[in-house]
Amino acid sequence: MSAERVIVANDVRKNYRGGAEGAGLNGFDLEVAAGTVVGLLGPNGAGKTTAVRILSTLLDLDSGEAAVAGYDIRRQAREVRRRIGLVGQYAAVDEILTGRQNLVLFGRLNHLSHAAAVRRADELLQRFSLGAAANQPAAKYSGGMRRRLDLAASLIVAPAVLFVDEPTTGLDPAGRIEVWSAVRDLVGGGTTVLLTTQYLEEADQLADRISMLKAGRVVAEGTPDELKAELGADWLDLVLADPAEVPRVLALVERLADGDVRVEDLRVSIPVKDRTRALVEVATSLAEAKIEPEDITLRRPTLDEVFLHLTGTGV
Amino acid sequence: MTSSLGWALADGWTVARRTLIHWRMQPGIVIFGWFFPVLMMLMFGALLGGAMEMPDGQSYYELLVPGIFTLAMLFGLEGTMTAVATDVSKGVTDRFRSLPMSSAAVVLGRCIADMLDSVVTLIVLIAAGLALGWRWHGTLPEALAAFGLLLLLRFALLWVGIFIGLSVKNVQSITVVQVLVWPVGFLSSAFVMTSTMPSWLGAIAQWNPMSSTATAARSLFDNPGAVAGSWIGGHAGAAAVIWPLLIVAVFLPLSARRFRNLSR
């Protein structure tokens, strides 16, 4: 089994002197099996980007050990760089250059011949549906297109490991879906992906396993289903019209709740196991009791609630 | 070793070619950049030149043109800074650093591109200067030596630009440096002979590396303003070599360290 672990991090520590921008790492451990997608999930400042920058050899660590694709990230950084692709937080493409020129440039810097770089650029442009925009400057691309170009640039030489740092931050929903489908395609090709994200939904959509990061260390790890099972419920939120109704509603929904019901002013939040059944039953009982809520919504637990549940403290 | 040097040069050229493609994609901006110093030459020469008292009734352009050459080398620094800072802030530098390419090539490419840019700037300026009546009166090798000194200054300032570009937190703070470049340029013998300044100011201006290069160039072109009557002025030729080398000796290692420790 150990031969298949393409990313191993052991008690990695990194302190930013002067407490500057980045969040440090404080005993960070990680194991990623070949051909899987691991989501590094955590709030801003948890150290996600720091972890990616260290593993992709951009940043030195203070102590601990890490290896990527079997090579030590400190002593064999060059070997590591031959085997990784990096998609940083900002679409790292030259905006003045066209999509094709960008890919040819990065192909040449991967030491492909000119002909091979052009060929590879055209393949990738097709694969990421950028063929029609190939000769347009990247500045004219939408956020989602730029991200896709960025992904393409990191795949010029099929990497063993791809680091993707917050791929959809700042994208509109359409761009987000474009990028998700691009990342899914990659995984189809057998690439191991380490993905960081602030969005539970994104990790859920893309990752085989999730590591939850808080204050520079992994606080929970598992498949999305395992984590959700641990976490249990979705939430059914009711917003009532009249404070007097709150006790009546509490009495009605008690038997449906899978955990403690929370009340905040006119909002009643009920943890539920079976989303649809709960919704139907709550709606029916409210109708029978002639209570008309202002709003009724089903929602997934927020990242905050996940952390609250798993660590006992908020984000 | 040869092969890693070979790759550094090949990768450096690839990175430099990226800038050449920029020129092709945005010719307007680039051409404006090349003609801006010409505009300065016309502004100072035509607007203020009449008020300048030159020895033996010579044209002010005889003094001004080598000064503008020097200033153009200084202003080139802004382009270097902006390009470097933009790449850092957009993550392009990180992408380069995560590639198995030669890490020296990122900086080498910037160097090649900016030196080419400065050669074009100089050629445009020489043409404009000749059209306005400036001439070199020395030999062609002397004139070439003067251009060599100017490009040496540009090369040295390039490293200042790279260092600042790698150091600033955002591209906007470059504006501060862009403003500060002006007093550095003006507090020199670029526009006037330092003998016309208050003596303390003149002394500072003479020790400005810009003055050394301007004075040395004037001397090689056999233009007026070459002899400044001070120790540093009298050794302008040597100073025009030593100053840039000193600047490189300080800023090249600093830039290399910054580059390795980029930790945005």
# chains A, B, ... in the order shown; residues from 1 in each chain; ligands from 1
$ residues_around --residues "A:Tyr90" --least-positions-apart "6" --cutoff "9 Å" --atoms "only C-alpha atoms" --output "list in words"
Arg147, Asp150, Asp165, Glu166, Pro167 and Thr169 of chain A; Ser89, Lys90, Gly91 and Val92 of chain B
$ write_last_selection --atoms "C-alpha atoms" --output "PDB file, in the first residue's frame"
ATOM      1  CA  ARG A 147      -9.376  28.933 -15.141  1.00  0.00           C
ATOM      2  CA  ASP A 150      -4.855  27.646 -16.316  1.00  0.00           C
ATOM      3  CA  ASP A 165      -5.719  25.721  -5.024  1.00  0.00           C
ATOM      4  CA  GLU A 166      -9.254  27.068  -4.629  1.00  0.00           C
ATOM      5  CA  PRO A 167     -10.166  26.574  -8.267  1.00  0.00           C
ATOM      6  CA  THR A 169     -12.946  31.192  -5.774  1.00  0.00           C
TER       7      THR A 169
ATOM      8  CA  SER B  89       0.768  39.168  -8.297  1.00  0.00           C
ATOM      9  CA  LYS B  90      -0.879  37.172 -11.095  1.00  0.00           C
ATOM     10  CA  GLY B  91       0.798  33.941 -10.047  1.00  0.00           C
ATOM     11  CA  VAL B  92       2.741  33.654 -13.306  1.00  0.00           C
TER      12      VAL B  92
END
$ closest_atom_pairs --of "chain B" --to "chain A" --cutoff "8 Å" --atoms "only C-alpha atoms" --output "JSON lines"
{"residue": "B:Asp11", "atom": "CA", "partner": "A:Leu109", "partner_atom": "CA", "distance": 6.1}
{"residue": "B:Thr14", "atom": "CA", "partner": "A:Leu105", "partner_atom": "CA", "distance": 7.1}
{"residue": "B:Val15", "atom": "CA", "partner": "A:Leu105", "partner_atom": "CA", "distance": 7.7}
{"residue": "B:Arg18", "atom": "CA", "partner": "A:Leu105", "partner_atom": "CA", "distance": 7.3}
{"residue": "B:Ile21", "atom": "CA", "partner": "A:Leu97", "partner_atom": "CA", "distance": 7.3}
{"residue": "B:His22", "atom": "CA", "partner": "A:Ile96", "partner_atom": "CA", "distance": 6.3}
{"residue": "B:Met25", "atom": "CA", "partner": "A:Ile96", "partner_atom": "CA", "distance": 7.0}
{"residue": "B:Gln26", "atom": "CA", "partner": "A:Ile96", "partner_atom": "CA", "distance": 7.9}
{"residue": "B:Lys90", "atom": "CA", "partner": "A:Ala92", "partner_atom": "CA", "distance": 5.7}
{"residue": "B:Gly91", "atom": "CA", "partner": "A:Ala92", "partner_atom": "CA", "distance": 4.7}
{"residue": "B:Val92", "atom": "CA", "partner": "A:Ala92", "partner_atom": "CA", "distance": 4.6}
{"residue": "B:Asp94", "atom": "CA", "partner": "A:Leu58", "partner_atom": "CA", "distance": 7.1}
{"residue": "B:Arg95", "atom": "CA", "partner": "A:Ala92", "partner_atom": "CA", "distance": 6.6}
{"residue": "B:Arg97", "atom": "CA", "partner": "A:Leu58", "partner_atom": "CA", "distance": 6.8}
{"residue": "B:Ser98", "atom": "CA", "partner": "A:Arg81", "partner_atom": "CA", "distance": 5.8}
{"residue": "B:Leu99", "atom": "CA", "partner": "A:Arg81", "partner_atom": "CA", "distance": 5.7}
{"residue": "B:Pro100", "atom": "CA", "partner": "A:Arg81", "partner_atom": "CA", "distance": 5.2}
{"residue": "B:Met101", "atom": "CA", "partner": "A:Leu109", "partner_atom": "CA", "distance": 5.8}
{"residue": "B:Asn261", "atom": "CA", "partner": "A:Leu59", "partner_atom": "CA", "distance": 7.2}
{"residue": "B:Leu262", "atom": "CA", "partner": "A:Leu59", "partner_atom": "CA", "distance": 7.5}
{"residue": "B:Ser263", "atom": "CA", "partner": "A:Leu59", "partner_atom": "CA", "distance": 6.3}
{"residue": "B:Arg264", "atom": "CA", "partner": "A:Gly22", "partner_atom": "CA", "distance": 7.3}
$ write_last_selection --atoms "N, CA, C and O atoms" --output "PDB file, in the first residue's frame"
ATOM      1  N   ASP B  11      15.775  28.582 -21.910  1.00  0.00           N
ATOM      2  CA  ASP B  11      14.559  28.976 -21.185  1.00  0.00           C
ATOM      3  C   ASP B  11      14.474  30.492 -21.063  1.00  0.00           C
ATOM      4  O   ASP B  11      13.396  31.076 -21.178  1.00  0.00           O
ATOM      5  N   THR B  14      13.167  31.806 -24.164  1.00  0.00           N
ATOM      6  CA  THR B  14      11.726  31.540 -24.268  1.00  0.00           C
ATOM      7  C   THR B  14      10.939  32.572 -23.463  1.00  0.00           C
ATOM      8  O   THR B  14       9.928  33.099 -23.920  1.00  0.00           O
ATOM      9  N   VAL B  15      11.429  32.856 -22.242  1.00  0.00           N
ATOM     10  CA  VAL B  15      10.744  33.841 -21.395  1.00  0.00           C
ATOM     11  C   VAL B  15      10.826  35.233 -22.034  1.00  0.00           C
ATOM     12  O   VAL B  15       9.854  35.994 -22.032  1.00  0.00           O
ATOM     13  N   ARG B  18       8.394  35.884 -24.819  1.00  0.00           N
ATOM     14  CA  ARG B  18       7.056  36.219 -24.340  1.00  0.00           C
ATOM     15  C   ARG B  18       6.870  37.734 -24.378  1.00  0.00           C
ATOM     16  O   ARG B  18       5.838  38.234 -24.833  1.00  0.00           O
ATOM     17  N   ILE B  21       6.410  38.916 -27.840  1.00  0.00           N
ATOM     18  CA  ILE B  21       5.030  38.710 -28.303  1.00  0.00           C
ATOM     19  C   ILE B  21       4.139  39.829 -27.759  1.00  0.00           C
ATOM     20  O   ILE B  21       3.267  40.336 -28.456  1.00  0.00           O
ATOM     21  N   HIS B  22       4.386  40.241 -26.498  1.00  0.00           N
ATOM     22  CA  HIS B  22       3.629  41.380 -25.950  1.00  0.00           C
ATOM     23  C   HIS B  22       3.758  42.594 -26.870  1.00  0.00           C
ATOM     24  O   HIS B  22       2.796  43.296 -27.113  1.00  0.00           O
ATOM     25  N   MET B  25       1.529  42.144 -29.692  1.00  0.00           N
ATOM     26  CA  MET B  25       0.104  42.170 -29.374  1.00  0.00           C
ATOM     27  C   MET B  25      -0.353  43.574 -28.978  1.00  0.00           C
ATOM     28  O   MET B  25      -1.507  43.906 -29.128  1.00  0.00           O
ATOM     29  N   GLN B  26       0.542  44.355 -28.391  1.00  0.00           N
ATOM     30  CA  GLN B  26       0.152  45.691 -27.919  1.00  0.00           C
ATOM     31  C   GLN B  26       1.119  46.738 -28.438  1.00  0.00           C
ATOM     32  O   GLN B  26       1.776  47.421 -27.657  1.00  0.00           O
ATOM     33  N   LYS B  90       0.046  38.011 -10.327  1.00  0.00           N
ATOM     34  CA  LYS B  90      -0.879  37.172 -11.095  1.00  0.00           C
ATOM     35  C   LYS B  90      -0.581  35.685 -10.952  1.00  0.00           C
ATOM     36  O   LYS B  90      -1.258  34.860 -11.556  1.00  0.00           O
ATOM     37  N   GLY B  91       0.479  35.354 -10.226  1.00  0.00           N
ATOM     38  CA  GLY B  91       0.798  33.941 -10.047  1.00  0.00           C
ATOM     39  C   GLY B  91       1.622  33.348 -11.181  1.00  0.00           C
ATOM     40  O   GLY B  91       1.937  32.163 -11.162  1.00  0.00           O
ATOM     41  N   VAL B  92       1.959  34.175 -12.181  1.00  0.00           N
ATOM     42  CA  VAL B  92       2.741  33.654 -13.306  1.00  0.00           C
ATOM     43  C   VAL B  92       4.137  33.238 -12.827  1.00  0.00           C
ATOM     44  O   VAL B  92       4.672  32.210 -13.245  1.00  0.00           O
ATOM     45  N   ASP B  94       4.909  32.128  -9.888  1.00  0.00           N
ATOM     46  CA  ASP B  94       4.765  30.840  -9.201  1.00  0.00           C
ATOM     47  C   ASP B  94       4.694  29.691 -10.195  1.00  0.00           C
ATOM     48  O   ASP B  94       5.248  28.626  -9.965  1.00  0.00           O
ATOM     49  N   ARG B  95       3.963  29.930 -11.284  1.00  0.00           N
ATOM     50  CA  ARG B  95       3.884  28.869 -12.296  1.00  0.00           C
ATOM     51  C   ARG B  95       5.277  28.566 -12.830  1.00  0.00           C
ATOM     52  O   ARG B  95       5.667  27.406 -12.939  1.00  0.00           O
ATOM     53  N   ARG B  97       8.040  28.998 -11.325  1.00  0.00           N
ATOM     54  CA  ARG B  97       8.847  28.361 -10.280  1.00  0.00           C
ATOM     55  C   ARG B  97       8.445  26.906 -10.056  1.00  0.00           C
ATOM     56  O   ARG B  97       9.233  26.133  -9.529  1.00  0.00           O
ATOM     57  N   SER B  98       7.219  26.542 -10.425  1.00  0.00           N
ATOM     58  CA  SER B  98       6.808  25.154 -10.224  1.00  0.00           C
ATOM     59  C   SER B  98       7.139  24.290 -11.442  1.00  0.00           C
ATOM     60  O   SER B  98       6.877  23.104 -11.446  1.00  0.00           O
ATOM     61  N   LEU B  99       7.708  24.904 -12.474  1.00  0.00           N
ATOM     62  CA  LEU B  99       8.093  24.140 -13.667  1.00  0.00           C
ATOM     63  C   LEU B  99       9.518  23.618 -13.497  1.00  0.00           C
ATOM     64  O   LEU B  99      10.309  24.199 -12.763  1.00  0.00           O
ATOM     65  N   PRO B 100       9.835  22.524 -14.220  1.00  0.00           N
ATOM     66  CA  PRO B 100      11.204  21.996 -14.105  1.00  0.00           C
ATOM     67  C   PRO B 100      12.204  22.814 -14.912  1.00  0.00           C
ATOM     68  O   PRO B 100      13.264  22.332 -15.247  1.00  0.00           O
ATOM     69  N   MET B 101      11.883  24.067 -15.237  1.00  0.00           N
ATOM     70  CA  MET B 101      12.792  24.900 -16.012  1.00  0.00           C
ATOM     71  C   MET B 101      13.881  25.474 -15.118  1.00  0.00           C
ATOM     72  O   MET B 101      13.792  25.407 -13.896  1.00  0.00           O
ATOM     73  N   ASN B 261      12.965  33.176  -2.048  1.00  0.00           N
ATOM     74  CA  ASN B 261      12.115  33.200  -0.853  1.00  0.00           C
ATOM     75  C   ASN B 261      10.750  33.798  -1.085  1.00  0.00           C
ATOM     76  O   ASN B 261      10.088  34.213  -0.146  1.00  0.00           O
ATOM     77  N   LEU B 262      10.350  33.891  -2.337  1.00  0.00           N
ATOM     78  CA  LEU B 262       9.020  34.444  -2.604  1.00  0.00           C
ATOM     79  C   LEU B 262       8.005  33.668  -1.785  1.00  0.00           C
ATOM     80  O   LEU B 262       7.905  32.460  -1.897  1.00  0.00           O
ATOM     81  N   SER B 263       7.285  34.334  -0.946  1.00  0.00           N
ATOM     82  CA  SER B 263       6.353  33.565  -0.117  1.00  0.00           C
ATOM     83  C   SER B 263       5.052  34.302   0.057  1.00  0.00           C
ATOM     84  O   SER B 263       4.575  34.494   1.149  1.00  0.00           O
ATOM     85  N   ARG B 264       4.520  34.722  -1.075  1.00  0.00           N
ATOM     86  CA  ARG B 264       3.255  35.418  -1.022  1.00  0.00           C
ATOM     87  C   ARG B 264       2.177  34.486  -0.484  1.00  0.00           C
ATOM     88  O   ARG B 264       2.115  33.342  -0.827  1.00  0.00           O
TER      89      ARG B 264
END
$ closest_residue --among "B:Gly233, B:Arg258, B:Leu187, B:Leu149" --to "B:Leu245" --atoms "only C-alpha atoms"
B:Leu149
$ residues_around --residues "B:Ala146" --least-positions-apart "6" --cutoff "10 Å" --atoms "only C-alpha atoms" --output "JSON, numbers by chain"
{"B": [66, 140, 152, 213, 214, 215, 216, 217, 218, 219, 220, 221, 237, 240]}
$ residues_around --residues "A:Gly131" --least-positions-apart "5" --cutoff "8 Å" --atoms "only C-alpha atoms" --output "PyMOL selection string"
chain A and resi 122+125-126
$ write_last_selection --atoms "N, CA and C atoms" --output "mmCIF file, in the first residue's frame"
data_model
loop_
_atom_site.group_PDB
_atom_site.id
_atom_site.type_symbol
_atom_site.label_atom_id
_atom_site.label_comp_id
_atom_site.auth_asym_id
_atom_site.auth_seq_id
_atom_site.Cartn_x
_atom_site.Cartn_y
_atom_site.Cartn_z
ATOM 1 N N ASP A 122 -2.684 22.553 -28.953
ATOM 2 C CA ASP A 122 -3.939 22.361 -29.684
ATOM 3 C C ASP A 122 -4.784 21.251 -29.071
ATOM 4 N N LEU A 125 -6.325 22.685 -25.909
ATOM 5 C CA LEU A 125 -7.368 23.671 -26.207
ATOM 6 C C LEU A 125 -8.666 22.950 -26.573
ATOM 7 N N GLN A 126 -8.547 21.871 -27.349
ATOM 8 C CA GLN A 126 -9.737 21.102 -27.699
ATOM 9 C C GLN A 126 -10.348 20.474 -26.453
#
$ closest_residue --among "B:Ser230, B:Asn223, B:Ser59, B:Thr93" --to "B:Ala205" --atoms "only C-alpha atoms"
B:Ser230
$ residues_around --residues "B:Trp207" --least-positions-apart "5" --cutoff "10 Å" --atoms "only C-alpha atoms" --output "list in words"
Leu187, Ser188, Ser189, Gly202, Ser212, Ser230, Trp231, Ile232, Gly233, Ala236, Ala239 and Trp243 of chain B
$ write_last_selection --atoms "N, CA, C and O atoms" --output "PDB file, in the first residue's frame"
ATOM      1  N   LEU B 187      17.970  65.244 -10.076  1.00  0.00           N
ATOM      2  CA  LEU B 187      19.078  65.659  -9.218  1.00  0.00           C
ATOM      3  C   LEU B 187      20.374  65.054  -9.754  1.00  0.00           C
ATOM      4  O   LEU B 187      21.042  64.256  -9.115  1.00  0.00           O
ATOM      5  N   SER B 188      20.679  65.428 -10.985  1.00  0.00           N
ATOM      6  CA  SER B 188      21.869  64.894 -11.652  1.00  0.00           C
ATOM      7  C   SER B 188      22.251  65.918 -12.714  1.00  0.00           C
ATOM      8  O   SER B 188      21.611  66.959 -12.853  1.00  0.00           O
ATOM      9  N   SER B 189      23.253  65.578 -13.486  1.00  0.00           N
ATOM     10  CA  SER B 189      23.653  66.510 -14.542  1.00  0.00           C
ATOM     11  C   SER B 189      22.922  66.211 -15.844  1.00  0.00           C
ATOM     12  O   SER B 189      23.370  66.617 -16.905  1.00  0.00           O
ATOM     13  N   GLY B 202      24.798  70.747  -5.979  1.00  0.00           N
ATOM     14  CA  GLY B 202      25.645  70.319  -7.090  1.00  0.00           C
ATOM     15  C   GLY B 202      26.514  69.145  -6.696  1.00  0.00           C
ATOM     16  O   GLY B 202      26.715  68.210  -7.475  1.00  0.00           O
ATOM     17  N   SER B 212      27.394  60.439 -13.426  1.00  0.00           N
ATOM     18  CA  SER B 212      28.642  59.832 -13.899  1.00  0.00           C
ATOM     19  C   SER B 212      28.477  59.323 -15.319  1.00  0.00           C
ATOM     20  O   SER B 212      29.318  59.565 -16.188  1.00  0.00           O
ATOM     21  N   SER B 230      35.284  68.505 -10.377  1.00  0.00           N
ATOM     22  CA  SER B 230      35.284  67.901  -9.054  1.00  0.00           C
ATOM     23  C   SER B 230      35.917  66.529  -9.190  1.00  0.00           C
ATOM     24  O   SER B 230      36.077  66.022 -10.300  1.00  0.00           O
ATOM     25  N   TRP B 231      36.229  65.902  -8.064  1.00  0.00           N
ATOM     26  CA  TRP B 231      36.920  64.616  -8.133  1.00  0.00           C
ATOM     27  C   TRP B 231      36.069  63.586  -8.883  1.00  0.00           C
ATOM     28  O   TRP B 231      36.527  62.971  -9.830  1.00  0.00           O
ATOM     29  N   ILE B 232      34.812  63.466  -8.461  1.00  0.00           N
ATOM     30  CA  ILE B 232      33.957  62.468  -9.095  1.00  0.00           C
ATOM     31  C   ILE B 232      33.689  62.820 -10.553  1.00  0.00           C
ATOM     32  O   ILE B 232      33.628  61.958 -11.419  1.00  0.00           O
ATOM     33  N   GLY B 233      33.560  64.154 -10.825  1.00  0.00           N
ATOM     34  CA  GLY B 233      33.335  64.589 -12.206  1.00  0.00           C
ATOM     35  C   GLY B 233      34.546  64.294 -13.068  1.00  0.00           C
ATOM     36  O   GLY B 233      34.424  63.896 -14.230  1.00  0.00           O
ATOM     37  N   ALA B 236      34.693  60.617 -14.199  1.00  0.00           N
ATOM     38  CA  ALA B 236      33.369  60.149 -14.621  1.00  0.00           C
ATOM     39  C   ALA B 236      33.441  58.830 -15.379  1.00  0.00           C
ATOM     40  O   ALA B 236      32.598  57.954 -15.207  1.00  0.00           O
ATOM     41  N   ALA B 239      33.840  56.155 -12.928  1.00  0.00           N
ATOM     42  CA  ALA B 239      32.637  56.091 -12.093  1.00  0.00           C
ATOM     43  C   ALA B 239      31.471  55.487 -12.869  1.00  0.00           C
ATOM     44  O   ALA B 239      30.645  54.771 -12.302  1.00  0.00           O
ATOM     45  N   TRP B 243      30.014  52.580 -10.624  1.00  0.00           N
ATOM     46  CA  TRP B 243      28.657  52.714 -10.056  1.00  0.00           C
ATOM     47  C   TRP B 243      27.750  51.544 -10.475  1.00  0.00           C
ATOM     48  O   TRP B 243      27.205  50.850  -9.618  1.00  0.00           O
TER      49      TRP B 243
END
